[in-house]
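Everything on this sheet refers to the single structure shown next.
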Amino acid sequence: MEVLQFTENNFAQALSNQYTSIEVIRSKNHFSYLLKYLQDKSIDARTILIEEDYVSKDFLHDYASYYAFCFEKYPKFCKRIHFFSTVFTKGEIDLLIIDKKGSLKSLWKFYIGFIVVKPIPVTVIGFTILKPYRYKSTFDSRNIWGLREYKIHLCGHEHVIESLVFQEQDSVVAACASTAIWTMLNKASVDFHTVLKSPSEITNDADNVAPDGSRLFPNKGLNLLQLCQSILRSGLVSEVKQPDLALTDKAGLIIGEVISCHYLKKILNSYSSLGVPIILIISVPVGDSQGLHAIAVSGYNQKAPRAISPKNEISFLADNIKKIYAHDDQYGPFVRIEFIDDYKVKTPWTESDPYNKPTIVERIIVPVYPKVRIAYEDIEILILGFDAIFTLFFGDKIIQDLVWDIKIVYSEKFKDLILASYLSNAEKVRLISKSMPRFVWLATCYISKFKIFEFSFDATDVSAGMIGEDFVCYFANDIRNSLVSYLIENRIILEPFFEHEEAKAYYDFLLSELSNKF
């Protein structure tokens with residue numbers, strides 16, 4: 001083992017190998033991004049510990065798929081560089097290792113994570129785990145929802161760190177889409193018991209040949225169908241979200257279609273509770289043109305519910321998302337992405353472009369468990385109807401707008417929320433003891449920061465039916481009774497607000513829930 005002070009020069013030296021010089025390392029986007037990341041005041045790297053002859057399972061898969069058959073004698077062993085936010089020497093670490101009292105454990109509280117350095121040219125950054133920037137899981141903070149626990153073993157000691165794995169795209173055995181899927185599966189394999197594969201195995205799963213009919217290795221990239229096929233063979237299915245915004249020229253002619261920032265925020269907010277990273281297909285500035293690229297989103301920064309004036313269109317809590325965080329295999333983990341306008345976002349690609357050209361989201365790929373059959377759009381169309389009815393009912397009785405939060409959650413999570421709520425004990429017992437599907441959609445309505453009611457829907461049913469599960473009401477009985485009377489008296493006018501084949505059933509569901517259960 002070798003111990004170095006964390007400096008720019010030492011970091012570049014640690015990342016280099018016999019095929020990749022320090023000068024090449026310094027020229028990489030990853031180096032500048034990771035240097036800044038590790039120097040952040042909430043990370044504060046101070047010491048590098050280099051572990052030689054490290055066996056990386058992910059690299060061994062890639063080695064067996066490609067590098068073992070090269071004439072060049074590429075090594076199969078990597079090196080692993082660890083980072084600590086405290087200062088120590090080689091002599092001190094040696095003493096800690098042999099200390100029978102286990103003093104090495106005292107170092108773990110300063111542990112930041114590690115980077116595996118692969119013994120190949122240029123694309124050297126392999127399996128990487130770094131703790132995220134400091135964050136909180138409450139509102140008004142970063143919500144990094146795509147994390148899992150990893151066990152780190154060093155010198156006979158074990159430590160657990162919560163993060164999401166990252167690695168650089170290996171243009172030989174995996175393109176960016178394969179790496180994005182690999183990142184996603186690292187979390188999904190824990191929650192959904194899916195198959196975790198190496199980037200080369202993911203690429204093999206995509207198809208027998210590349211999009212242009214040529215061989216898969218060396219890999220030049222996967223198309224959308226291949227990407228979804230690879231996800232399917234890992235045990236999940238893909239919900240592909242298509243563009244919702246048409247771009248027009250000065251003459252009003254459509255010149256393209258993109259994902260709007262408003263729609264992107266709604267999708268990220270609604271599926272984030274499953275904890276699985278969501279893949280974005282983005283168009284990034286590359287020289288004088290744009291190129292397609294895949295990244296894995298694992299978090300966002302969302303402001304708390306706040307009072308807003310009533311407006312004609314429906315309001316969503318998702319609009320409070322200010323930034324998102326993604327693993328971009330061309331830069332690094334937890335990359336900040338900011339919203340510019342209706343459809344443009346700012347990424348490191350934008351910042352490095354000499355003309356500061358924006359990044360545009362082309363598609364959203366949401367990996368879900370196969371039993372999830374109801375999509376976000378199926379729920380939103382129902383909420384549009386409920387919102388219209390409640391807006392008319394409240395009228396000028398309220399001076400703040402209704403704000404909706406739509407999420408898919410495990411039913412166990414829903415029951416945890418019920419247990420922590422201020423509902424009556426009888427109501428808590430009824431809901432917690434009720435048999436529910438594994439996944440439910442929740443549509444929660446707020447006025448300012450106050451929750452007023454919450455719908456739950458069966459996420460495993462068919463969209464053509466009436467999938468309402470329950471309705472929890474948080475406002476006073478006199479308001480509830482007034483709402484029941486209003487619904488009965490105005491049914492002919494209000495029922496058509498549900499643009500659904502089962503409009504009558506949903507209206508009856510609302511009336512029944514309000515009338516019989518409270």
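Going through the structure tokens in order, the chains are called A, B, and so on, while each chain numbers its residues from 1 and the ligands are numbered from 1 in the order shown.
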Spatial neighbours of region 449-451 of chain A, 7 Å, only C-alpha atoms, chain gap at least 4 places, as an NGL selection string = :A and (305-306 or 445 or 474)
Residue contacts of Gly287 (chain A) (10 Å, only C-alpha atoms) excluding same-chain residues fewer than 3 positions away, as a JSON list (two decimals) with C-alpha atoms, in the first residue's frame:
```json
[["chain", "number", "residue", "atom", "x", "y", "z"],
["A", 284, "VAL", "CA", -25.73, 17.23, -25.71],
["A", 290, "GLN", "CA", -25.64, 17.62, -30.98],
["A", 291, "GLY", "CA", -25.09, 14.03, -29.87],
["A", 353, "ASP", "CA", -19.27, 24.00, -24.75],
["A", 354, "PRO", "CA", -17.59, 27.18, -26.10],
["A", 355, "TYR", "CA", -20.99, 28.54, -27.17],
["A", 357, "LYS", "CA", -25.31, 25.44, -25.98]]
```
Quick one: which region 446-465 of chain A residues come within 12 Å of region 406-409 of chain A, and what is the nearest atom pair for each with the distance in Å to one decimal, counting only C-alpha atoms, rows ordered by chain and ascending number, as a Markdown table?
```
| residue | atom | partner | partner_atom | distance |
| --- | --- | --- | --- | --- |
| A:Tyr446 | CA | A:Ile406 | CA | 11.3 |
| A:Glu454 | CA | A:Ile406 | CA | 9.6 |
| A:Phe455 | CA | A:Ile406 | CA | 9.4 |
| A:Ser456 | CA | A:Ile408 | CA | 9.3 |
| A:Phe457 | CA | A:Ile408 | CA | 9.1 |
| A:Asp458 | CA | A:Ile408 | CA | 9.7 |
| A:Ala459 | CA | A:Ile408 | CA | 7.6 |
| A:Thr460 | CA | A:Ile408 | CA | 10.9 |
```
Using only C-alpha atoms, which of A:Ile120, A:Ile321, A:Val55, A:Ile379 sits nearest Thr20 (chain A)?
-> A:Ile120
Within 12 Å of Gln242 (chain A) using only C-alpha atoms, minus same-chain residues under 5 positions, as a ChimeraX atom specification | /A:224,257-260,263-264,267,280-281,361-366,377
CA of Ala304 (chain A) and CA of Glu239 (chain A) are how many Å apart?
->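 Result for CA of Ala304 (chain A) versus CA of Glu239 (chain A): 27.8 Å, one decimal.
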Residues of region 49-162 of chain A in strand (DSSP E), written as number ranges by chain | A: 49-54, 78-84, 111-117, 125-130, 141-144, 148-154, 157-162
Extract, using only C-alpha atoms, all DNA, RNA and protein residues at most 9 Å from region 323-333 of chain A, discarding same-chain residues fewer than 5 positions from it, and format them as JSON, numbers by chain.
-> {"A": [28, 29, 30, 31, 32, 33, 34, 37, 128, 129, 130, 132, 142, 144, 164, 165, 166, 167, 168, 169, 176, 179, 180, 183, 265, 268, 277, 278, 279, 293, 294, 295, 296, 297, 298, 299, 300, 301, 302, 338, 339, 348, 349]}
Pick out the residues sitting within 7 Å of Thr86 (chain A), and hand them over as a PyMOL selection string; count only C-alpha atoms, and ignore anything fewer than 4 positions along from it in its own chain.
-> chain A and resi 46-47+110
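Each of A:Ile97, A:Leu392, A:Met436, A:Val195 was checked against Lys413 (chain A) using only C-alpha atoms; the smallest atom-to-atom distance is that of A:Met436.
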When you draw a straight line from CA of Trp182 (chain A) to CA of Gln229 (chain A), how long is it in Å?
->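 We find that CA of Trp182 (chain A) and CA of Gln229 (chain A) lie 13.6 Å from each other.
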How many Å separate CA of Ser200 (chain A) from CA of His153 (chain A)?
-> 25.1 Å
All residues 12 Å or closer to Leu402 (chain A), only C-alpha atoms, same chain fewer than 2 positions away omitted, as a PDB file with N, CA and C atoms, in the first residue's frame:
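File produced: out28.pdb:
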```
ATOM      1  N   PRO A 305     -43.704  22.296  -0.043  1.00  0.00           N
ATOM      2  CA  PRO A 305     -44.967  22.895  -0.481  1.00  0.00           C
ATOM      3  C   PRO A 305     -45.094  24.311   0.064  1.00  0.00           C
ATOM      4  N   ARG A 306     -45.587  25.208  -0.763  1.00  0.00           N
ATOM      5  CA  ARG A 306     -45.691  26.603  -0.332  1.00  0.00           C
ATOM      6  C   ARG A 306     -47.011  27.185  -0.832  1.00  0.00           C
ATOM      7  N   ALA A 307     -47.404  28.270  -0.220  1.00  0.00           N
ATOM      8  CA  ALA A 307     -48.653  28.923  -0.601  1.00  0.00           C
ATOM      9  C   ALA A 307     -48.497  29.603  -1.959  1.00  0.00           C
ATOM     10  N   ILE A 308     -49.417  29.305  -2.886  1.00  0.00           N
ATOM     11  CA  ILE A 308     -49.437  29.979  -4.178  1.00  0.00           C
ATOM     12  C   ILE A 308     -50.860  30.427  -4.478  1.00  0.00           C
ATOM     13  N   SER A 309     -50.991  31.491  -5.217  1.00  0.00           N
ATOM     14  CA  SER A 309     -52.314  32.016  -5.548  1.00  0.00           C
ATOM     15  C   SER A 309     -53.032  31.066  -6.495  1.00  0.00           C
ATOM     16  N   PRO A 310     -54.356  30.971  -6.390  1.00  0.00           N
ATOM     17  CA  PRO A 310     -55.114  30.107  -7.298  1.00  0.00           C
ATOM     18  C   PRO A 310     -54.872  30.484  -8.757  1.00  0.00           C
ATOM     19  N   LYS A 311     -54.801  29.465  -9.618  1.00  0.00           N
ATOM     20  CA  LYS A 311     -54.610  29.703 -11.052  1.00  0.00           C
ATOM     21  C   LYS A 311     -55.506  28.759 -11.821  1.00  0.00           C
ATOM     22  N   ASN A 312     -55.627  29.007 -13.125  1.00  0.00           N
ATOM     23  CA  ASN A 312     -56.569  28.243 -13.933  1.00  0.00           C
ATOM     24  C   ASN A 312     -56.154  26.788 -14.109  1.00  0.00           C
ATOM     25  N   GLU A 313     -54.842  26.547 -14.314  1.00  0.00           N
ATOM     26  CA  GLU A 313     -54.397  25.180 -14.535  1.00  0.00           C
ATOM     27  C   GLU A 313     -54.033  24.511 -13.217  1.00  0.00           C
ATOM     28  N   ILE A 314     -53.963  23.179 -13.251  1.00  0.00           N
ATOM     29  CA  ILE A 314     -53.637  22.409 -12.063  1.00  0.00           C
ATOM     30  C   ILE A 314     -52.190  22.672 -11.646  1.00  0.00           C
ATOM     31  N   SER A 315     -51.940  22.640 -10.336  1.00  0.00           N
ATOM     32  CA  SER A 315     -50.598  22.863  -9.798  1.00  0.00           C
ATOM     33  C   SER A 315     -50.036  21.552  -9.252  1.00  0.00           C
ATOM     34  N   PHE A 316     -48.737  21.320  -9.506  1.00  0.00           N
ATOM     35  CA  PHE A 316     -48.070  20.100  -9.059  1.00  0.00           C
ATOM     36  C   PHE A 316     -46.895  20.439  -8.153  1.00  0.00           C
ATOM     37  N   LEU A 317     -46.724  19.647  -7.102  1.00  0.00           N
ATOM     38  CA  LEU A 317     -45.579  19.821  -6.222  1.00  0.00           C
ATOM     39  C   LEU A 317     -44.269  19.578  -6.970  1.00  0.00           C
ATOM     40  N   ILE A 383     -56.663  12.735 -11.757  1.00  0.00           N
ATOM     41  CA  ILE A 383     -56.448  13.850 -10.833  1.00  0.00           C
ATOM     42  C   ILE A 383     -56.906  15.162 -11.467  1.00  0.00           C
ATOM     43  N   LEU A 384     -56.788  15.276 -12.767  1.00  0.00           N
ATOM     44  CA  LEU A 384     -57.303  16.470 -13.440  1.00  0.00           C
ATOM     45  C   LEU A 384     -58.797  16.620 -13.176  1.00  0.00           C
ATOM     46  N   PHE A 386     -60.509  15.262 -10.505  1.00  0.00           N
ATOM     47  CA  PHE A 386     -60.704  15.570  -9.093  1.00  0.00           C
ATOM     48  C   PHE A 386     -60.364  17.036  -8.794  1.00  0.00           C
ATOM     49  N   ASP A 387     -59.277  17.509  -9.387  1.00  0.00           N
ATOM     50  CA  ASP A 387     -58.870  18.896  -9.141  1.00  0.00           C
ATOM     51  C   ASP A 387     -59.923  19.882  -9.623  1.00  0.00           C
ATOM     52  N   ALA A 388     -60.496  19.619 -10.792  1.00  0.00           N
ATOM     53  CA  ALA A 388     -61.524  20.512 -11.330  1.00  0.00           C
ATOM     54  C   ALA A 388     -62.739  20.560 -10.409  1.00  0.00           C
ATOM     55  N   ILE A 389     -63.127  19.404  -9.878  1.00  0.00           N
ATOM     56  CA  ILE A 389     -64.285  19.340  -8.977  1.00  0.00           C
ATOM     57  C   ILE A 389     -64.001  20.090  -7.681  1.00  0.00           C
ATOM     58  N   PHE A 390     -62.847  19.830  -7.067  1.00  0.00           N
ATOM     59  CA  PHE A 390     -62.527  20.471  -5.798  1.00  0.00           C
ATOM     60  C   PHE A 390     -62.306  21.973  -5.960  1.00  0.00           C
ATOM     61  N   THR A 391     -61.736  22.375  -7.080  1.00  0.00           N
ATOM     62  CA  THR A 391     -61.523  23.808  -7.319  1.00  0.00           C
ATOM     63  C   THR A 391     -62.847  24.548  -7.388  1.00  0.00           C
ATOM     64  N   LEU A 392     -63.829  23.936  -8.069  1.00  0.00           N
ATOM     65  CA  LEU A 392     -65.153  24.559  -8.134  1.00  0.00           C
ATOM     66  C   LEU A 392     -65.828  24.572  -6.765  1.00  0.00           C
ATOM     67  N   PHE A 393     -65.662  23.486  -6.026  1.00  0.00           N
ATOM     68  CA  PHE A 393     -66.290  23.411  -4.711  1.00  0.00           C
ATOM     69  C   PHE A 393     -65.754  24.480  -3.760  1.00  0.00           C
ATOM     70  N   PHE A 394     -64.423  24.575  -3.671  1.00  0.00           N
ATOM     71  CA  PHE A 394     -63.839  25.539  -2.742  1.00  0.00           C
ATOM     72  C   PHE A 394     -64.019  26.975  -3.225  1.00  0.00           C
ATOM     73  N   GLY A 395     -63.932  27.185  -4.535  1.00  0.00           N
ATOM     74  CA  GLY A 395     -64.149  28.519  -5.090  1.00  0.00           C
ATOM     75  C   GLY A 395     -63.337  29.582  -4.363  1.00  0.00           C
ATOM     76  N   ILE A 398     -61.137  29.579  -0.421  1.00  0.00           N
ATOM     77  CA  ILE A 398     -59.710  29.489  -0.127  1.00  0.00           C
ATOM     78  C   ILE A 398     -58.966  30.523  -0.972  1.00  0.00           C
ATOM     79  N   ILE A 399     -57.885  31.046  -0.437  1.00  0.00           N
ATOM     80  CA  ILE A 399     -57.109  32.060  -1.155  1.00  0.00           C
ATOM     81  C   ILE A 399     -55.786  31.490  -1.656  1.00  0.00           C
ATOM     82  N   GLN A 400     -55.602  30.185  -1.452  1.00  0.00           N
ATOM     83  CA  GLN A 400     -54.390  29.521  -1.929  1.00  0.00           C
ATOM     84  C   GLN A 400     -54.768  28.352  -2.823  1.00  0.00           C
ATOM     85  N   TRP A 404     -50.903  19.335  -6.064  1.00  0.00           N
ATOM     86  CA  TRP A 404     -50.961  17.877  -6.060  1.00  0.00           C
ATOM     87  C   TRP A 404     -49.567  17.261  -6.110  1.00  0.00           C
ATOM     88  N   ASP A 405     -49.425  16.184  -5.366  1.00  0.00           N
ATOM     89  CA  ASP A 405     -48.192  15.405  -5.381  1.00  0.00           C
ATOM     90  C   ASP A 405     -48.561  13.968  -5.727  1.00  0.00           C
ATOM     91  N   THR A 444     -51.696  13.109  -3.436  1.00  0.00           N
ATOM     92  CA  THR A 444     -51.900  13.896  -2.223  1.00  0.00           C
ATOM     93  C   THR A 444     -52.137  15.344  -2.584  1.00  0.00           C
ATOM     94  N   CYS A 445     -53.132  15.946  -1.968  1.00  0.00           N
ATOM     95  CA  CYS A 445     -53.464  17.341  -2.241  1.00  0.00           C
ATOM     96  C   CYS A 445     -53.091  18.208  -1.040  1.00  0.00           C
ATOM     97  N   TYR A 446     -52.383  19.311  -1.329  1.00  0.00           N
ATOM     98  CA  TYR A 446     -51.955  20.253  -0.294  1.00  0.00           C
ATOM     99  C   TYR A 446     -52.594  21.618  -0.531  1.00  0.00           C
ATOM    100  N   ILE A 447     -52.828  22.325   0.558  1.00  0.00           N
ATOM    101  CA  ILE A 447     -53.035  23.774   0.518  1.00  0.00           C
ATOM    102  C   ILE A 447     -51.909  24.355   1.356  1.00  0.00           C
ATOM    103  N   SER A 448     -51.006  25.069   0.704  1.00  0.00           N
ATOM    104  CA  SER A 448     -49.758  25.477   1.330  1.00  0.00           C
ATOM    105  C   SER A 448     -49.032  24.211   1.782  1.00  0.00           C
ATOM    106  N   LYS A 449     -48.602  24.115   3.027  1.00  0.00           N
ATOM    107  CA  LYS A 449     -47.887  22.927   3.500  1.00  0.00           C
ATOM    108  C   LYS A 449     -48.814  21.926   4.170  1.00  0.00           C
ATOM    109  N   PHE A 450     -50.114  22.196   4.141  1.00  0.00           N
ATOM    110  CA  PHE A 450     -51.068  21.348   4.856  1.00  0.00           C
ATOM    111  C   PHE A 450     -51.696  20.328   3.908  1.00  0.00           C
ATOM    112  N   LYS A 451     -51.598  19.056   4.299  1.00  0.00           N
ATOM    113  CA  LYS A 451     -52.208  17.976   3.531  1.00  0.00           C
ATOM    114  C   LYS A 451     -53.707  17.967   3.836  1.00  0.00           C
ATOM    115  N   ILE A 452     -54.542  17.999   2.770  1.00  0.00           N
ATOM    116  CA  ILE A 452     -55.983  18.023   3.017  1.00  0.00           C
ATOM    117  C   ILE A 452     -56.668  16.709   2.646  1.00  0.00           C
ATOM    118  N   PHE A 453     -56.195  16.020   1.619  1.00  0.00           N
ATOM    119  CA  PHE A 453     -56.696  14.678   1.347  1.00  0.00           C
ATOM    120  C   PHE A 453     -55.721  13.913   0.461  1.00  0.00           C
TER     121      PHE A 453
END
```
So which one's closest to Tyr74 (chain A), A:Arg480, A:Arg491, A:Lys118, A:Lys105? Using only C-alpha atoms, please.
->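 Using only C-alpha atoms, the shortest distance to Tyr74 (chain A) belongs to A:Lys118.
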A:Lys434, A:His500, A:Lys322, A:Arg80: which is nearest Leu382 (chain A), counting only C-alpha atoms?
-> A:His500
Top pick for closest residue to Ile282 (chain A), considering A:Gly252, A:Pro358, A:Glu513, A:Ser238 and counting only C-alpha atoms | A:Pro358
